[in-house]
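Asker: Structure file data_28.txt (compact mmCIF, C-alpha atoms) is given on the next line.
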```txt
# COMPACT_ATOMS: atom_id res chain seq x y z
CA MET A 25 -121.66 8.09 -12.32
CA LEU A 26 -123.47 4.93 -13.40
CA PHE A 27 -123.34 5.96 -17.06
CA VAL A 28 -119.56 5.78 -17.31
CA LEU A 29 -119.59 2.09 -16.39
CA GLY A 30 -119.57 -0.77 -18.85
CA GLY A 31 -122.95 -2.14 -19.94
CA THR A 32 -122.98 -5.26 -17.75
CA GLN A 33 -121.56 -3.51 -14.72
CA ARG A 34 -123.94 -0.58 -15.19
CA SER A 35 -126.92 -2.91 -15.33
CA PHE A 36 -125.78 -4.65 -12.15
CA HIS A 37 -125.44 -1.39 -10.23
CA VAL A 38 -128.81 -0.11 -11.49
CA ALA A 39 -130.52 -3.34 -10.47
CA LEU A 40 -128.79 -3.28 -7.10
CA PHE A 41 -129.84 0.32 -6.55
CA PHE A 42 -133.50 -0.47 -7.19
CA LEU A 43 -133.29 -3.61 -5.02
CA VAL A 44 -132.05 -1.58 -2.07
CA LEU A 45 -134.69 1.09 -2.74
CA VAL A 46 -137.45 -1.54 -2.73
CA VAL A 47 -136.10 -3.00 0.52
CA LEU A 48 -136.17 0.39 2.23
CA LEU A 49 -139.69 1.15 0.96
CA MET A 50 -140.95 -2.23 2.13
CA ALA A 51 -139.46 -1.67 5.54
CA GLY A 52 -141.16 1.69 5.79
CA PHE A 53 -144.62 0.69 4.53
CA LEU A 54 -144.81 -2.64 6.32
CA HIS A 55 -143.09 -1.43 9.53
CA VAL A 56 -140.61 -4.28 9.17
CA ASP A 57 -137.38 -4.25 11.16
CA ILE A 58 -134.65 -3.18 8.71
CA LYS A 59 -132.25 -5.65 10.38
CA MET A 60 -134.05 -8.42 8.45
CA PHE A 61 -132.56 -7.01 5.27
CA THR A 62 -128.99 -6.35 6.43
CA PRO A 63 -127.61 -9.34 4.46
CA LEU A 64 -128.87 -7.68 1.27
CA LEU A 65 -127.35 -4.37 2.29
CA ARG A 66 -124.05 -6.10 3.06
CA ILE A 67 -123.97 -7.44 -0.52
CA LYS A 68 -124.28 -3.90 -1.82
CA ALA A 69 -121.50 -2.64 0.46
CA GLN A 70 -119.16 -5.47 -0.49
CA ASN A 71 -119.65 -5.00 -4.23
CA SER A 72 -119.36 -1.21 -4.10
CA SER A 73 -116.05 -1.32 -2.18
CA ARG A 74 -114.48 -4.30 -3.96
CA ASP A 75 -112.93 -2.17 -6.70
CA SER A 76 -112.25 0.89 -4.52
CA PRO A 77 -108.64 1.81 -3.68
CA PRO A 78 -107.39 1.34 -0.11
CA VAL A 79 -107.70 4.20 2.35
CA THR A 80 -104.31 5.88 2.67
CA ASN A 81 -105.02 9.04 4.69
CA ILE A 82 -105.30 7.88 8.29
CA MET A 83 -105.10 9.55 11.69
CA PHE A 84 -104.76 7.05 14.55
CA LEU A 85 -105.07 8.45 18.07
CA LYS A 86 -102.57 6.28 19.92
CA THR A 87 -103.96 5.87 23.42
CA HIS A 88 -101.82 4.43 26.23
CA LYS A 89 -101.65 0.75 27.26
CA THR A 90 -104.32 -0.33 24.77
CA ALA A 91 -102.43 -2.55 22.29
CA SER A 92 -101.68 0.68 20.44
CA SER A 93 -98.03 -0.29 19.84
CA THR A 94 -99.19 -3.23 17.76
CA MET A 95 -101.55 -0.90 15.90
CA LEU A 96 -98.67 1.50 15.32
CA ASN A 97 -96.62 -1.30 13.76
CA ILE A 98 -99.50 -2.11 11.39
CA LEU A 99 -99.73 1.52 10.29
CA TYR A 100 -95.96 1.96 9.96
CA ARG A 101 -95.69 -1.16 7.80
CA PHE A 102 -98.52 -0.05 5.55
CA SER A 103 -97.00 3.42 5.26
CA GLU A 104 -93.58 2.09 4.29
CA SER A 105 -94.85 -0.52 1.84
CA HIS A 106 -97.09 2.05 0.10
CA ASN A 107 -94.53 4.88 0.19
CA LEU A 108 -96.76 7.10 2.32
CA SER A 109 -95.64 10.12 4.33
CA VAL A 110 -95.92 9.92 8.12
CA ALA A 111 -96.27 12.87 10.51
CA LEU A 112 -93.28 12.15 12.77
CA PRO A 113 -92.00 13.84 15.93
CA LYS A 114 -89.64 16.74 15.37
CA ASP A 115 -85.89 16.58 15.97
CA SER A 116 -84.98 14.27 18.89
CA MET A 117 -88.56 13.85 20.18
CA PHE A 118 -90.28 10.46 20.29
CA HIS A 119 -93.89 11.62 20.59
CA LEU A 120 -95.96 14.52 19.31
CA GLY A 121 -95.78 16.69 22.40
CA TYR A 122 -97.58 14.40 24.82
CA PRO A 123 -98.88 15.08 27.46
CA TRP A 124 -99.41 18.67 26.30
CA LEU A 125 -102.20 19.40 23.85
CA PHE A 126 -100.98 18.83 20.32
CA VAL A 127 -99.77 21.87 18.35
CA ALA A 128 -98.72 21.08 14.79
CA HIS A 129 -95.78 23.42 14.25
CA PHE A 130 -94.25 22.62 17.66
CA TYR A 131 -94.10 18.87 17.32
CA VAL A 132 -94.26 17.63 13.68
CA GLU A 133 -91.13 17.46 11.57
CA GLY A 134 -91.69 19.44 8.39
CA MET A 135 -94.44 21.66 9.83
CA GLU A 136 -92.98 25.12 10.37
CA GLN A 137 -94.75 27.93 12.21
CA ASN A 138 -94.55 30.30 9.24
CA GLY A 139 -94.60 27.59 6.59
CA PRO A 140 -97.43 26.55 4.23
CA GLN A 141 -100.66 25.59 5.96
CA ASN A 142 -101.50 22.81 3.51
CA HIS A 143 -98.49 20.58 4.16
CA HIS A 144 -100.42 17.37 4.69
CA PHE A 145 -99.16 13.90 5.59
CA ASN A 146 -100.81 10.58 4.78
CA VAL A 147 -100.52 8.97 8.19
CA MET A 148 -100.38 10.26 11.76
CA CYS A 149 -100.11 7.73 14.58
CA ASN A 150 -97.61 8.69 17.30
CA HIS A 151 -98.64 9.52 20.86
CA LEU A 152 -100.33 12.90 21.19
CA ARG A 153 -103.09 14.55 23.20
CA PHE A 154 -105.85 15.06 20.68
CA ASN A 155 -106.49 18.61 19.51
CA PHE A 156 -108.72 18.41 16.44
CA PRO A 157 -108.10 21.88 14.89
CA GLU A 158 -104.33 21.38 15.09
CA VAL A 159 -104.49 17.83 13.74
CA GLN A 160 -106.48 19.14 10.76
CA LYS A 161 -103.49 21.32 9.86
CA VAL A 162 -101.46 18.14 9.38
CA MET A 163 -103.99 15.81 7.77
CA ALA A 164 -106.03 16.00 4.55
CA ASN A 165 -109.78 16.65 4.57
CA ASP A 166 -110.61 13.06 3.60
CA THR A 167 -108.61 11.56 6.49
CA PHE A 168 -110.02 8.48 8.22
CA TYR A 169 -109.87 9.02 12.00
CA LEU A 170 -109.62 6.03 14.31
CA SER A 171 -108.48 5.13 17.80
CA ILE A 172 -108.46 2.20 20.21
CA ILE A 173 -109.57 1.86 23.84
CA ARG A 174 -109.46 -0.88 26.44
CA ASN A 175 -111.38 -1.97 29.52
CA PRO A 176 -110.14 0.67 31.99
CA VAL A 177 -109.63 -1.90 34.76
CA PHE A 178 -106.92 -3.62 32.72
CA GLN A 179 -105.67 -0.38 31.18
CA LEU A 180 -105.08 1.05 34.67
CA GLU A 181 -103.33 -2.13 35.82
CA SER A 182 -100.96 -1.91 32.85
CA SER A 183 -100.35 1.81 33.42
CA PHE A 184 -99.55 1.19 37.08
CA ILE A 185 -96.78 -1.26 36.22
CA TYR A 186 -95.46 0.70 33.24
CA TYR A 187 -95.45 4.16 34.90
CA LYS A 188 -94.75 3.00 38.46
CA LYS A 189 -91.53 5.01 38.73
CA TYR A 190 -92.78 8.01 36.74
CA SER A 191 -96.24 8.89 38.04
CA PRO A 192 -96.16 10.48 41.55
CA ALA A 193 -99.48 8.84 42.40
CA PHE A 194 -97.96 5.37 41.97
CA ARG A 195 -94.52 5.81 43.53
CA ARG A 196 -95.46 5.45 47.19
CA VAL A 197 -97.59 2.32 46.94
CA LYS A 198 -96.57 -1.30 46.59
CA SER A 199 -99.57 -2.44 44.60
CA LEU A 200 -102.51 -1.12 42.62
CA ASP A 201 -104.82 -2.72 45.19
CA GLN A 202 -103.25 -0.49 47.84
CA PHE A 203 -103.61 2.58 45.64
CA LEU A 204 -107.28 1.89 44.81
CA ALA A 205 -108.16 1.35 48.49
CA ASP A 206 -107.56 5.09 49.06
CA PRO A 207 -106.52 6.81 45.80
CA TRP A 208 -106.89 10.40 47.05
CA LYS A 209 -104.22 9.65 49.66
CA TYR A 210 -101.68 9.32 46.82
CA TYR A 211 -103.20 11.24 43.90
CA ASN A 212 -102.66 14.98 43.87
CA VAL A 213 -104.42 16.99 41.13
CA SER A 214 -101.95 19.87 41.55
CA VAL A 215 -99.07 17.65 40.40
CA GLY A 216 -100.53 18.02 36.92
CA LEU A 217 -99.44 16.20 33.83
CA LYS A 218 -97.22 13.57 35.44
CA ASN A 219 -100.30 12.03 37.00
CA VAL A 220 -102.36 11.66 33.84
CA TYR A 221 -101.49 7.95 33.70
CA ALA A 222 -103.12 7.37 37.09
CA ARG A 223 -106.69 8.41 36.32
CA ASN A 224 -108.91 8.44 33.20
CA ASN A 225 -105.86 8.31 30.94
CA MET A 226 -107.83 7.43 27.78
CA TRP A 227 -110.25 10.31 28.41
CA PHE A 228 -107.24 12.60 28.71
CA ASP A 229 -105.75 11.28 25.45
CA PHE A 230 -108.92 12.28 23.61
CA GLY A 231 -108.23 15.85 24.77
CA PHE A 232 -110.63 16.02 27.73
CA ASP A 233 -110.12 16.81 31.43
CA ASN A 234 -109.30 13.57 33.23
CA ASN A 235 -110.23 15.12 36.59
CA ALA A 236 -113.67 16.38 35.52
CA GLN A 237 -116.81 15.25 37.31
CA ALA A 238 -118.65 12.51 35.43
CA GLU A 239 -121.80 14.63 35.10
CA ALA A 240 -124.22 13.13 32.59
CA GLY A 241 -124.50 16.17 30.32
CA TYR A 242 -120.74 16.68 30.17
CA VAL A 243 -120.07 13.01 29.41
CA HIS A 244 -122.73 13.00 26.68
CA ARG A 245 -121.24 16.09 25.01
CA CYS A 246 -117.74 14.60 25.04
CA LEU A 247 -118.85 11.23 23.68
CA SER A 248 -120.81 12.97 20.93
CA GLU A 249 -117.70 14.96 20.03
CA VAL A 250 -115.63 11.79 19.71
CA GLU A 251 -118.34 10.24 17.53
CA ARG A 252 -118.32 13.26 15.22
CA GLN A 253 -114.55 13.29 14.86
CA PHE A 254 -113.71 9.57 14.71
CA GLN A 255 -115.12 7.13 12.17
CA LEU A 256 -113.97 4.12 14.17
CA VAL A 257 -112.98 3.34 17.76
CA LEU A 258 -111.51 -0.14 18.14
CA ILE A 259 -111.60 -2.29 21.28
CA ALA A 260 -108.29 -3.76 22.46
CA ASP A 261 -110.06 -6.50 24.44
CA TYR A 262 -111.37 -7.80 21.08
CA PHE A 263 -108.29 -7.07 19.04
CA ASP A 264 -108.79 -9.63 16.26
CA GLU A 265 -112.41 -8.60 15.79
CA SER A 266 -111.15 -5.02 15.63
CA LEU A 267 -108.72 -5.95 12.87
CA VAL A 268 -111.51 -7.59 10.87
CA LEU A 269 -113.55 -4.38 10.98
CA LEU A 270 -110.51 -2.18 10.39
CA ARG A 271 -109.50 -4.16 7.31
CA ARG A 272 -112.98 -3.81 5.84
CA ARG A 273 -113.26 -0.10 6.57
CA LEU A 274 -109.84 0.68 5.12
CA ARG A 275 -110.19 -1.80 2.21
CA TRP A 276 -106.81 -3.34 2.99
CA GLN A 277 -105.35 -6.76 2.28
CA LEU A 278 -105.08 -9.47 4.92
CA ASP A 279 -101.30 -9.15 5.31
CA ASP A 280 -101.71 -5.43 5.95
CA VAL A 281 -103.41 -6.11 9.30
CA VAL A 282 -101.76 -9.37 10.41
CA SER A 283 -99.44 -8.61 13.31
CA PHE A 284 -97.39 -9.95 16.18
CA LYS A 285 -98.12 -8.72 19.71
CA LEU A 286 -95.69 -5.91 20.48
CA ASN A 287 -94.84 -4.17 23.76
CA VAL A 288 -96.25 -7.16 25.61
CA ARG A 289 -95.31 -7.75 29.27
CA SER A 290 -94.04 -10.91 30.89
CA GLN A 291 -96.58 -12.79 33.00
CA ARG A 292 -94.62 -12.08 36.18
CA THR A 293 -95.19 -8.32 35.74
CA ILE A 294 -98.95 -8.63 35.26
CA SER A 295 -100.89 -8.27 38.50
CA ARG A 296 -104.28 -9.76 39.28
CA LEU A 297 -106.64 -7.27 40.89
CA THR A 298 -109.12 -8.39 43.51
CA PRO A 299 -112.81 -8.16 42.51
CA GLU A 300 -113.18 -5.29 44.97
CA SER A 301 -110.27 -3.44 43.37
CA GLN A 302 -111.75 -3.96 39.91
CA GLU A 303 -114.95 -2.22 41.00
CA ARG A 304 -112.91 0.55 42.62
CA ALA A 305 -110.97 1.00 39.36
CA LYS A 306 -114.23 1.50 37.43
CA SER A 307 -115.32 4.12 39.95
CA TRP A 308 -111.92 5.86 40.09
CA CYS A 309 -111.72 5.96 36.29
CA GLU A 310 -115.43 6.57 35.77
CA LEU A 311 -114.91 8.76 32.69
CA ASP A 312 -112.83 6.04 31.06
CA TRP A 313 -115.43 3.47 32.06
CA GLN A 314 -118.21 5.44 30.37
CA LEU A 315 -116.03 5.96 27.30
CA TYR A 316 -115.40 2.23 27.14
CA GLN A 317 -119.01 1.19 27.66
CA HIS A 318 -120.24 3.56 24.96
CA PHE A 319 -117.75 2.61 22.27
CA ASN A 320 -117.87 -1.07 23.12
CA ARG A 321 -121.55 -0.91 22.18
CA THR A 322 -120.97 1.08 18.99
CA PHE A 323 -118.11 -1.20 17.95
CA TRP A 324 -120.25 -4.33 17.94
CA ALA A 325 -123.08 -2.50 16.18
CA GLN A 326 -120.67 -1.39 13.44
CA LEU A 327 -119.09 -4.82 13.15
CA TYR A 328 -122.37 -6.69 12.72
CA ALA A 329 -123.57 -4.08 10.25
CA GLU A 330 -120.59 -5.17 8.12
CA VAL A 331 -120.51 -8.94 8.64
CA SER A 332 -122.78 -11.77 9.64
CA PRO A 333 -121.71 -13.99 12.58
CA ARG A 334 -120.69 -16.66 10.07
CA GLN A 335 -118.59 -14.19 8.06
CA LEU A 336 -116.96 -12.96 11.25
CA ARG A 337 -115.97 -16.50 12.24
CA GLU A 338 -114.52 -17.12 8.78
CA GLU A 339 -112.53 -13.88 8.69
CA LEU A 340 -111.23 -14.40 12.21
CA ALA A 341 -110.09 -17.90 11.22
CA GLN A 342 -108.30 -16.49 8.15
CA LEU A 343 -106.59 -13.80 10.20
CA ARG A 344 -105.40 -16.22 12.88
CA ALA A 345 -104.27 -18.82 10.36
CA ARG A 346 -102.18 -16.23 8.52
CA ARG A 347 -100.68 -15.05 11.83
CA ARG A 348 -99.64 -18.62 12.61
CA GLU A 349 -98.08 -18.94 9.14
CA LEU A 350 -96.06 -15.75 9.58
CA THR A 351 -95.04 -16.76 13.10
CA THR A 352 -93.62 -20.00 11.70
CA LEU A 353 -92.00 -18.14 8.80
CA CYS A 354 -90.43 -15.30 10.80
CA LEU A 355 -89.82 -16.23 14.41
CA GLN A 356 -87.27 -18.53 15.96
CA ASP A 357 -89.73 -19.16 18.80
CA PRO A 358 -93.39 -18.10 18.84
CA GLU A 359 -93.10 -17.10 22.52
CA PRO A 360 -91.72 -13.58 23.07
CA LYS A 361 -88.39 -13.26 24.90
CA ASN A 362 -86.95 -10.98 27.56
CA THR A 363 -84.17 -8.55 26.70
CA THR A 364 -81.37 -10.89 27.82
CA GLN A 365 -82.50 -13.43 25.23
CA ILE A 366 -82.95 -11.08 22.25
CA LYS A 367 -79.97 -11.17 19.91
CA ASP A 368 -80.69 -8.25 17.56
CA GLN A 369 -80.46 -4.83 19.26
CA ASN A 370 -82.78 -3.40 16.61
CA LEU A 371 -85.48 -5.66 18.04
CA LEU A 372 -84.92 -4.79 21.71
CA PRO A 373 -88.10 -3.25 23.19
CA TYR A 374 -88.10 -0.15 25.36
CA GLN A 375 -88.32 -0.85 29.11
CA SER A 376 -90.30 1.26 31.59
CA GLY A 377 -91.21 1.15 35.28
CA ASP A 378 -91.62 -2.30 36.79
CA ALA A 379 -92.73 -3.81 33.48
CA GLU A 380 -90.64 -6.43 31.71
CA ILE A 381 -91.34 -5.82 28.03
CA LEU A 382 -90.73 -8.75 25.73
CA GLY A 383 -89.63 -9.00 22.10
CA TYR A 384 -88.71 -11.52 19.43
CA ASN A 385 -85.83 -13.33 17.75
CA LEU A 386 -86.06 -13.94 14.02
CA ARG A 387 -85.31 -17.25 12.37
CA GLN A 388 -81.84 -17.69 10.98
CA GLY A 389 -81.14 -18.11 7.27
CA LEU A 390 -84.04 -16.03 5.90
CA ASP A 391 -83.59 -14.69 2.37
CA ASN A 392 -83.29 -10.92 2.05
CA ALA A 393 -86.90 -10.25 1.06
CA THR A 394 -88.29 -12.42 3.84
CA LEU A 395 -85.85 -10.96 6.37
CA HIS A 396 -86.94 -7.44 5.44
CA PHE A 397 -90.60 -8.36 5.87
CA CYS A 398 -90.09 -10.19 9.17
CA GLN A 399 -87.94 -7.44 10.64
CA ARG A 400 -90.77 -4.97 10.07
CA MET A 401 -93.28 -7.32 11.68
CA ALA A 402 -91.19 -7.65 14.87
CA MET A 403 -89.67 -4.15 15.09
CA PRO A 404 -90.50 -2.18 18.27
CA GLU A 405 -92.13 1.20 17.81
CA LEU A 406 -89.17 3.44 18.67
CA GLN A 407 -86.83 1.70 16.25
CA TYR A 408 -89.45 1.72 13.52
CA MET A 409 -90.19 5.41 14.07
CA ALA A 410 -86.48 6.21 13.87
CA HIS A 411 -86.20 4.13 10.69
CA LEU A 412 -89.06 6.02 9.01
CA TYR A 413 -87.62 9.34 10.19
CA SER A 414 -84.31 8.58 8.49
CA LEU A 415 -86.13 7.62 5.27
CA GLN A 416 -88.27 10.76 5.21
CA PHE A 417 -85.63 13.20 6.48
CA PRO A 418 -82.24 11.85 5.34
CA ASP A 419 -80.58 15.24 5.91
CA LYS A 420 -81.59 15.33 9.58
CA PRO A 421 -79.51 13.70 12.36
CA PRO A 422 -80.85 10.21 13.09
CA LYS A 423 -82.79 9.67 16.29
CA ASN A 424 -80.94 8.11 19.20
CA ILE A 425 -83.11 5.30 20.61
CA PRO A 426 -83.24 4.90 24.42
CA LEU A 427 -83.95 1.42 25.72
CA ARG A 428 -85.13 2.36 29.22
CA LYS A 429 -87.26 5.17 30.65
CA LYS A 430 -85.18 7.48 32.81
```
Represent the structure from my file as structure tokens, please.
Answerer:
Amino acid sequence: MLFVLGGTQRSFHVALFFLVLVVLLMAGFLHVDIKMFTPLLRIKAQNSSRDSPPVTNIMFLKTHKTASSTMLNILYRFSESHNLSVALPKDSMFHLGYPWLFVAHFYVEGMEQNGPQNHHFNVMCNHLRFNFPEVQKVMANDTFYLSIIRNPVFQLESSFIYYKKYSPAFRRVKSLDQFLADPWKYYNVSVGLKNVYARNNMWFDFGFDNNAQAEAGYVHRCLSEVERQFQLVLIADYFDESLVLLRRRLRWQLDDVVSFKLNVRSQRTISRLTPESQERAKSWCELDWQLYQHFNRTFWAQLYAEVSPRQLREELAQLRARRRELTTLCLQDPEPKNTTQIKDQNLLPYQSGDAEILGYNLRQGLDNATLHFCQRMAMPELQYMAHLYSLQFPDKPPKNIPLRKK
């Protein structure tokens, strides 16, 4: 491969190859910690990927209540701007069969049971319960698999508010503190799939049994399976740091990952758990807690293998500065608004349970190109999904968007 490069570039790559080889040999012979040389290895990685095209085949496992709606917006925008195909829910559906295990021909528009088996899409990112063999029927072999998780204490708190009227385990209690004081009084395993939001919901989303015992061997096997199947698991609690790593791994531009917070709740619908309840939540969702602890460790290891602390500070500053610029450019008010204050119905967020989900108003007088860009930045996930569906399947009836969970 080196011999097809130009003379100067070829010489650079050859020299860089031998430099890295010498570094590795020195580390081996002298028993030196390889971490001393990671700045040199970062140089190699940066130069080798600088001229590489962006990653365009992406499967994002959209977990629940983990900032995944904001991630979905990022992926939808990239898909639309790069004319990529998206694996979208079939007919009038809004998710890919969740909470049942994903089956390609049941839930993906354009995937027929007796149709071709190599009908691949570029991007897959709607809610589903992960089923790797079936997902492989939809996605190309070189697909980049990623997901996002969150501290299960805060994930459970968000789920409680959002699914309060849907999950049987949550209906009969006034607060999550009350539920966690005696969860088996309200949680019934036999109820089945309607209760998946009440215990180890992220574990369930990855395709595992959310009611399994947290036996060490079982947990280790499941975590190893996730590591084999997913190149990257992001951490919602460190969302900006996650975007820095995501941008580098996918070789995207800064504007591709800049985002507004979507599906965010009002402060009055966010509860504060007691310290005792927080510990009970970790115990009740022990599988989620182990999932989070494991991938929180691997996330930081991957991040600092890519960037130095100084580089991370610089790239975080760039990301946040650009977000402030786009907030000023696009939004009438940087603070999100409740549904009574939002003027454009296309920007009204879906409402569920006891949560008050906020959205945005755009500035008036934007030119057409800027308006188009800003609308995509602020568009809630259901409206954006319906928009992409109409683009990809113009002969199909458009999706009718509900604004409240029944």
Asker: Using all atoms listed in the file, can you tell me which of A:Asp280, A:Glu158, A:Asp357, A:Asp391 comes closest to Asn97 in chain A?
Answerer: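 Checking each of A:Asp280, A:Glu158, A:Asp357, A:Asp391 against Asn97 in chain A, counting all atoms listed in the file, the winner is A:Asp280.
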Asker: Env of Thr363 in chain A: 8 Å cut, atoms = only C-alpha atoms, seq-sep filter 6 positions within chain, self excluded. Answer as a PyMOL selection string.
Answerer: chain A and resi 372-373+381-383
Asker: Out of A:Phe254, A:Trp313, A:Tyr100, A:Phe126, which residue has the shortest atom-to-atom distance to Met401 in chain A when counting all atoms listed in the file?
Answerer: A:Tyr100
Asker: Around (-93.3, -19.0, 7.9) in the file's frame, which residues reach within 12 Å when counting all atoms listed in the file? Return as an NGL selection string?
Answerer: :A and (345-358 or 386-388 or 390-391 or 394-395 or 397-398)
Asker: Could you name the residues that touch Thr298 in chain A at 8 Å or less, counting all atoms listed in the file, but leaving out those on the same chain fewer than 3 positions away, as a list in words?
Answerer: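 Returned residues: Asp201, Ser301 and Gln302 of chain A.
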